[in-house]
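Printed here is coords.cif (mmCIF, C-alpha atoms):
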```cif
data_my_file
loop_
_atom_site.group_PDB
_atom_site.id
_atom_site.type_symbol
_atom_site.label_atom_id
_atom_site.label_comp_id
_atom_site.auth_asym_id
_atom_site.auth_seq_id
_atom_site.Cartn_x
_atom_site.Cartn_y
_atom_site.Cartn_z
ATOM 1 C CA MET C 1 0.000 0.000 0.000
ATOM 2 C CA THR C 2 1.263 3.487 -0.794
ATOM 3 C CA GLU C 3 2.139 6.136 1.774
ATOM 4 C CA PRO C 4 -0.577 8.692 2.629
ATOM 5 C CA SER C 5 -0.409 11.898 0.643
ATOM 6 C CA GLU C 6 -0.054 15.297 2.239
ATOM 7 C CA ALA C 7 -3.796 15.865 1.659
ATOM 8 C CA VAL C 8 -4.675 12.706 3.624
ATOM 9 C CA ARG C 9 -2.319 13.634 6.461
ATOM 10 C CA ALA C 10 -3.751 17.169 6.614
ATOM 11 C CA TYR C 11 -7.328 15.847 6.658
ATOM 12 C CA LEU C 12 -6.584 13.384 9.456
ATOM 13 C CA LYS C 13 -4.709 16.031 11.448
ATOM 14 C CA GLY C 14 -7.836 18.210 11.472
ATOM 15 C CA ALA C 15 -10.217 15.328 12.214
ATOM 16 C CA SER C 16 -11.518 14.308 15.620
ATOM 17 C CA PRO C 17 -9.656 11.644 17.632
ATOM 18 C CA ARG C 18 -12.648 9.323 17.211
ATOM 19 C CA PHE C 19 -12.529 9.661 13.425
ATOM 20 C CA ARG C 20 -8.761 9.086 13.340
ATOM 21 C CA GLU C 21 -9.233 5.898 15.369
ATOM 22 C CA ILE C 22 -11.988 4.650 13.041
ATOM 23 C CA HIS C 23 -9.930 5.550 9.968
ATOM 24 C CA ALA C 24 -6.913 3.671 11.369
ATOM 25 C CA SER C 25 -8.959 0.534 12.070
ATOM 26 C CA LEU C 26 -10.498 0.640 8.579
ATOM 27 C CA ALA C 27 -7.020 1.181 7.089
ATOM 28 C CA ARG C 28 -5.774 -1.969 8.844
ATOM 29 C CA ALA C 29 -8.719 -3.930 7.438
ATOM 30 C CA VAL C 30 -8.153 -2.575 3.932
ATOM 31 C CA ARG C 31 -4.444 -3.501 4.087
ATOM 32 C CA GLU C 32 -5.350 -7.025 5.185
ATOM 33 C CA ILE C 33 -8.172 -7.643 2.684
ATOM 34 C CA PHE C 34 -6.774 -5.618 -0.245
ATOM 35 C CA PRO C 35 -2.958 -5.668 -0.147
ATOM 36 C CA GLU C 36 -2.964 -4.119 -3.639
ATOM 37 C CA ALA C 37 -4.996 -1.062 -2.501
ATOM 38 C CA GLU C 38 -3.711 2.467 -3.015
ATOM 39 C CA ILE C 39 -4.285 5.286 -0.561
ATOM 40 C CA ALA C 40 -6.358 7.999 -2.207
ATOM 41 C CA PHE C 41 -7.810 11.410 -1.483
ATOM 42 C CA GLN C 42 -10.704 12.285 -3.765
ATOM 43 C CA PHE C 43 -13.848 14.329 -3.379
ATOM 44 C CA LYS C 44 -12.229 15.865 -0.260
ATOM 45 C CA MET C 45 -12.267 12.439 1.426
ATOM 46 C CA PRO C 46 -9.461 10.093 2.459
ATOM 47 C CA GLY C 47 -9.765 6.515 1.366
ATOM 48 C CA TRP C 48 -8.481 3.725 -0.814
ATOM 49 C CA ARG C 49 -8.691 2.568 -4.406
ATOM 50 C CA ILE C 50 -8.572 -1.134 -5.187
ATOM 51 C CA PRO C 51 -7.670 -2.167 -8.743
ATOM 52 C CA ARG C 52 -10.214 -4.334 -10.480
ATOM 53 C CA PRO C 53 -8.517 -7.536 -11.710
ATOM 54 C CA ARG C 54 -10.374 -7.420 -15.022
ATOM 55 C CA ARG C 55 -9.756 -4.192 -16.893
ATOM 56 C CA VAL C 56 -12.656 -2.404 -18.578
ATOM 57 C CA ASP C 57 -12.337 -0.027 -21.527
ATOM 58 C CA LEU C 58 -13.342 3.437 -20.274
ATOM 59 C CA LYS C 59 -14.972 4.226 -23.625
ATOM 60 C CA SER C 60 -17.427 1.365 -23.103
ATOM 61 C CA VAL C 61 -18.985 2.810 -19.929
ATOM 62 C CA ARG C 62 -20.701 6.002 -18.884
ATOM 63 C CA GLY C 63 -20.288 7.719 -15.573
ATOM 64 C CA THR C 64 -17.870 9.730 -13.517
ATOM 65 C CA LEU C 65 -16.097 6.947 -11.635
ATOM 66 C CA ASP C 66 -13.509 4.701 -13.251
ATOM 67 C CA PRO C 67 -14.927 1.132 -13.443
ATOM 68 C CA ASN C 68 -11.408 -0.274 -13.120
ATOM 69 C CA TRP C 69 -11.298 0.591 -9.423
ATOM 70 C CA ALA C 70 -13.366 -0.288 -6.373
ATOM 71 C CA GLN C 71 -13.245 2.780 -4.145
ATOM 72 C CA ILE C 72 -13.674 3.251 -0.401
ATOM 73 C CA TYR C 73 -13.782 6.699 1.206
ATOM 74 C CA VAL C 74 -14.589 7.677 4.766
ATOM 75 C CA VAL C 75 -15.352 11.224 5.846
ATOM 76 C CA GLU C 76 -16.368 13.007 9.023
ATOM 77 C CA ARG C 77 -19.288 15.403 8.652
ATOM 78 C CA LYS C 78 -21.559 17.224 11.081
ATOM 79 C CA SER C 79 -24.205 14.618 10.342
ATOM 80 C CA GLY C 80 -21.876 11.737 11.263
ATOM 81 C CA ILE C 81 -19.187 9.512 9.831
ATOM 82 C CA THR C 82 -19.971 8.603 6.248
ATOM 83 C CA LEU C 83 -18.511 5.596 4.455
ATOM 84 C CA ASN C 84 -18.666 5.759 0.665
ATOM 85 C CA LEU C 85 -18.244 2.473 -1.197
ATOM 86 C CA TRP C 86 -18.219 2.108 -4.939
ATOM 87 C CA ASN C 87 -17.861 -1.418 -6.246
ATOM 88 C CA PRO C 88 -18.111 -1.502 -10.061
ATOM 89 C CA VAL C 89 -18.983 -5.206 -9.938
ATOM 90 C CA ASP C 90 -21.787 -5.090 -7.342
ATOM 91 C CA PHE C 91 -23.754 -1.869 -6.893
ATOM 92 C CA ASN C 92 -26.125 -3.361 -4.327
ATOM 93 C CA GLY C 93 -23.665 -4.240 -1.554
ATOM 94 C CA PHE C 94 -25.471 -2.089 1.006
ATOM 95 C CA ARG C 95 -28.918 -3.377 0.111
ATOM 96 C CA LYS C 96 -27.829 -6.974 0.714
ATOM 97 C CA HIS C 97 -26.993 -6.043 4.317
ATOM 98 C CA ARG C 98 -29.711 -3.431 4.847
ATOM 99 C CA THR C 99 -31.271 -4.985 7.946
ATOM 100 C CA GLU C 100 -28.029 -5.521 9.856
ATOM 101 C CA LEU C 101 -26.657 -2.095 8.848
ATOM 102 C CA GLU C 102 -29.810 -0.298 10.010
ATOM 103 C CA ARG C 103 -29.894 -2.341 13.212
ATOM 104 C CA ALA C 104 -26.288 -1.257 13.919
ATOM 105 C CA GLY C 105 -27.263 2.402 13.513
ATOM 106 C CA PHE C 106 -26.259 3.174 9.929
ATOM 107 C CA LYS C 107 -28.441 5.272 7.679
ATOM 108 C CA LEU C 108 -28.355 3.852 4.155
ATOM 109 C CA MET C 109 -28.082 6.277 1.274
ATOM 110 C CA VAL C 110 -27.110 5.925 -2.379
ATOM 111 C CA GLY C 111 -23.516 4.700 -2.468
ATOM 112 C CA CYS C 112 -22.815 5.445 1.183
ATOM 113 C CA ILE C 113 -23.809 4.765 4.752
ATOM 114 C CA ARG C 114 -23.765 7.259 7.595
ATOM 115 C CA PHE C 115 -23.228 6.514 11.276
ATOM 116 C CA ASN C 116 -24.246 9.339 13.607
ATOM 117 C CA ARG C 117 -24.408 7.596 16.956
ATOM 118 C CA LYS C 118 -22.126 8.215 19.915
ATOM 119 C CA SER C 119 -21.760 4.469 20.477
ATOM 120 C CA GLU C 120 -18.817 2.446 19.223
ATOM 121 C CA TYR C 121 -18.447 2.378 15.447
ATOM 122 C CA PRO C 122 -19.439 -1.080 14.095
ATOM 123 C CA THR C 123 -16.108 -1.783 12.407
ATOM 124 C CA ASP C 124 -16.727 -5.539 12.123
ATOM 125 C CA LEU C 125 -19.838 -4.922 10.037
ATOM 126 C CA VAL C 126 -17.933 -2.571 7.717
ATOM 127 C CA VAL C 127 -15.100 -5.096 7.394
ATOM 128 C CA GLY C 128 -17.756 -7.604 6.287
ATOM 129 C CA LEU C 129 -18.698 -5.178 3.489
ATOM 130 C CA PHE C 130 -15.028 -5.000 2.473
ATOM 131 C CA LYS C 131 -14.882 -8.801 2.349
ATOM 132 C CA ASP C 132 -17.964 -8.809 0.086
ATOM 133 C CA ILE C 133 -16.139 -6.442 -2.267
ATOM 134 C CA ARG C 134 -13.122 -8.789 -2.321
ATOM 135 C CA ILE C 135 -15.372 -11.750 -3.138
ATOM 136 C CA SER C 136 -17.196 -9.890 -5.925
ATOM 137 C CA LEU C 137 -13.932 -8.670 -7.499
ATOM 138 C CA ASP C 138 -12.478 -12.184 -7.411
ATOM 139 C CA GLU C 139 -15.659 -13.706 -8.882
ATOM 140 C CA ASP C 140 -15.694 -11.047 -11.617
ATOM 141 C CA ALA C 141 -12.112 -11.892 -12.552
ATOM 142 C CA ARG C 142 -12.885 -15.633 -12.664
ATOM 143 C CA SER C 143 -16.159 -15.308 -14.571
ATOM 144 C CA ARG C 144 -14.718 -12.958 -17.158
ATOM 145 C CA ALA C 145 -11.689 -15.216 -17.633
ATOM 146 C CA GLY C 146 -14.050 -18.068 -18.546
ATOM 147 C CA LYS C 147 -16.002 -15.865 -20.957
ATOM 148 C CA ALA C 148 -12.784 -14.619 -22.541
ATOM 149 C CA LYS C 149 -12.011 -18.230 -23.506
ATOM 150 C CA GLY C 150 -15.258 -18.383 -25.461
ATOM 151 C CA ASP C 151 -17.259 -19.984 -22.683
ATOM 152 C CA THR C 152 -20.879 -18.830 -22.719
ATOM 153 C CA PRO C 153 -23.366 -19.411 -19.908
ATOM 154 C CA ALA C 154 -25.572 -22.465 -20.149
ATOM 155 C CA THR C 155 -29.293 -21.890 -20.624
ATOM 156 C CA ALA C 156 -32.005 -23.498 -18.529
ATOM 157 C CA GLN C 157 -32.541 -26.054 -21.300
ATOM 158 C CA GLY C 158 -28.944 -27.226 -20.936
ATOM 159 C CA GLY C 159 -27.736 -25.747 -24.231
ATOM 160 C CA ARG C 160 -25.517 -22.763 -24.869
ATOM 161 C CA GLU C 161 -26.894 -19.222 -24.703
ATOM 162 C CA SER C 162 -26.562 -17.089 -27.849
ATOM 163 C CA LYS C 163 -25.083 -13.598 -27.620
ATOM 164 C CA ASP C 164 -28.551 -12.075 -28.183
ATOM 165 C CA GLU C 165 -30.057 -14.176 -25.397
ATOM 166 C CA ALA C 166 -27.186 -13.278 -23.060
ATOM 167 C CA LEU C 167 -27.636 -9.572 -23.832
ATOM 168 C CA ARG C 168 -31.414 -9.799 -23.303
ATOM 169 C CA ARG C 169 -30.866 -11.603 -19.972
ATOM 170 C CA GLN C 170 -28.353 -8.984 -18.864
ATOM 171 C CA LEU C 171 -30.715 -6.139 -19.797
ATOM 172 C CA ASP C 172 -33.496 -7.817 -17.827
ATOM 173 C CA GLU C 173 -31.190 -8.066 -14.799
ATOM 174 C CA TRP C 174 -30.264 -4.384 -15.065
ATOM 175 C CA ALA C 175 -33.897 -3.345 -15.458
ATOM 176 C CA SER C 176 -34.839 -5.205 -12.283
ATOM 177 C CA GLU C 177 -32.267 -3.335 -10.168
ATOM 178 C CA PRO C 178 -33.491 -0.386 -8.100
ATOM 179 C CA PRO C 179 -32.648 3.106 -9.411
ATOM 180 C CA MET C 180 -29.380 4.712 -8.327
ATOM 181 C CA ASP C 181 -31.055 8.061 -7.586
ATOM 182 C CA GLY C 182 -32.077 7.046 -4.076
ATOM 183 C CA GLY C 183 -35.549 5.810 -4.885
ATOM 184 C CA ASP C 184 -36.333 2.469 -3.298
#
```

Would you put the structure from the file into structure tokens?
Amino acid sequence: MTEPSEAVRAYLKGASPRFREIHASLARAVREIFPEAEIAFQFKMPGWRIPRPRRVDLKSVRGTLDPNWAQIYVVERKSGITLNLWNPVDFNGFRKHRTELERAGFKLMVGCIRFNRKSEYPTDLVVGLFKDIRISLDEDARSRAGKAKGDTPATAQGGRESKDEALRRQLDEWASEPPMDGGD
């Protein structure tokens, strides 16, 4: 992992002792789960960028975030400590754990969760989210490697799926996902 930039050090120097402690514990978890992670400071937030094992052509996607990186940022605001996660492989990581996150005191928002309680920060729960990102990145690398060799998914009838059927199935999956604008 790279050394923190001057921007990260300056941010942490001005942060509360509680935030610095939480950031340090999350940094240890990131180093353990993602040894290839880079320390980053974007959007006025300290965090980490994890390279995606399977590279994606930037021209093939729309959006403001690079799909070749999973990104984790944590920031201290008046409203609480906010953890921003962007996993280009699995956009619904928070929704999968909605019940346990809300029970722990997190408020779920689009792409981030906010913790505004005075109680101890639920680091173990957040580390579980990091582990989910690791699993999804590894599965993406494996599944794309198989497809790169010409392997196509099997259909329910046991035959091979044509490219049109695969595209139609993928579009159906995307259409069934909830909108990213916060509407549930």

Using all atoms listed in the file, which residues sit within 10 Å of C:Asn68 once same-chain residues fewer than 4 positions away are excluded, as an mmCIF file with C-alpha atoms, in the coordinates of the input?
```cif
data_model
loop_
_atom_site.group_PDB
_atom_site.id
_atom_site.type_symbol
_atom_site.label_atom_id
_atom_site.label_comp_id
_atom_site.auth_asym_id
_atom_site.auth_seq_id
_atom_site.Cartn_x
_atom_site.Cartn_y
_atom_site.Cartn_z
ATOM 1 C CA ARG C 49 -8.691 2.568 -4.406
ATOM 2 C CA ILE C 50 -8.572 -1.134 -5.187
ATOM 3 C CA PRO C 51 -7.670 -2.167 -8.743
ATOM 4 C CA ARG C 52 -10.214 -4.334 -10.480
ATOM 5 C CA PRO C 53 -8.517 -7.536 -11.710
ATOM 6 C CA ARG C 54 -10.374 -7.420 -15.022
ATOM 7 C CA ARG C 55 -9.756 -4.192 -16.893
ATOM 8 C CA VAL C 56 -12.656 -2.404 -18.578
ATOM 9 C CA ASP C 57 -12.337 -0.027 -21.527
ATOM 10 C CA LEU C 58 -13.342 3.437 -20.274
ATOM 11 C CA ASN C 87 -17.861 -1.418 -6.246
ATOM 12 C CA PRO C 88 -18.111 -1.502 -10.061
ATOM 13 C CA VAL C 89 -18.983 -5.206 -9.938
#
```

* Asked: Pick the closest to C:Gly47 from C:Asp138, C:Asp132, C:Glu3, C:Asp124: which is it, counting all atoms listed in the file?
  -> C:Glu3

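Put simply, atom CA of C:Ala10 is 20.9 Å away from atom CA of C:Ser79.
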
Carefully work through the PyMOL selection byres ((chain C and resi 42) around 12) for this structure and note down the residues it includes, as a PDB file with C-alpha atoms, in the frame of the given file.
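Written file, selection_9.pdb:
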```pdb
ATOM      1  CA  SER C   5      -0.409  11.898   0.643  1.00  0.00           C
ATOM      2  CA  ALA C   7      -3.796  15.865   1.659  1.00  0.00           C
ATOM      3  CA  VAL C   8      -4.675  12.706   3.624  1.00  0.00           C
ATOM      4  CA  TYR C  11      -7.328  15.847   6.658  1.00  0.00           C
ATOM      5  CA  ILE C  39      -4.285   5.286  -0.561  1.00  0.00           C
ATOM      6  CA  ALA C  40      -6.358   7.999  -2.207  1.00  0.00           C
ATOM      7  CA  PHE C  41      -7.810  11.410  -1.483  1.00  0.00           C
ATOM      8  CA  PHE C  43     -13.848  14.329  -3.379  1.00  0.00           C
ATOM      9  CA  LYS C  44     -12.229  15.865  -0.260  1.00  0.00           C
ATOM     10  CA  MET C  45     -12.267  12.439   1.426  1.00  0.00           C
ATOM     11  CA  PRO C  46      -9.461  10.093   2.459  1.00  0.00           C
ATOM     12  CA  GLY C  47      -9.765   6.515   1.366  1.00  0.00           C
ATOM     13  CA  TRP C  48      -8.481   3.725  -0.814  1.00  0.00           C
ATOM     14  CA  ARG C  49      -8.691   2.568  -4.406  1.00  0.00           C
ATOM     15  CA  LEU C  65     -16.097   6.947 -11.635  1.00  0.00           C
ATOM     16  CA  GLN C  71     -13.245   2.780  -4.145  1.00  0.00           C
ATOM     17  CA  ILE C  72     -13.674   3.251  -0.401  1.00  0.00           C
ATOM     18  CA  TYR C  73     -13.782   6.699   1.206  1.00  0.00           C
ATOM     19  CA  VAL C  74     -14.589   7.677   4.766  1.00  0.00           C
ATOM     20  CA  VAL C  75     -15.352  11.224   5.846  1.00  0.00           C
ATOM     21  CA  ASN C  84     -18.666   5.759   0.665  1.00  0.00           C
TER      22      ASN C  84
END
```

Distance table requested - stretch 114-135 of chain C against stretch 15-29 of chain C, cut-off 8 Å, only C-alpha atoms: one row per qualifying residue with the closest atom pair and its distance in Å to one decimal, ordered by chain and rising residue number, as JSON lines.
```
{"residue": "C:Tyr121", "atom": "CA", "partner": "C:Ile22", "partner_atom": "CA", "distance": 7.3}
{"residue": "C:Thr123", "atom": "CA", "partner": "C:Leu26", "partner_atom": "CA", "distance": 7.2}
{"residue": "C:Val127", "atom": "CA", "partner": "C:Ala29", "partner_atom": "CA", "distance": 6.5}
```

* To do: Run the PyMOL selection byres ((chain C and resi 90) around 10) mentally over the shown coordinates, then write out the matched residues as a PyMOL selection string, using the chain letters and numbers from the document.
  => chain C and resi 70+86-89+91-94+132-133+136-137+140
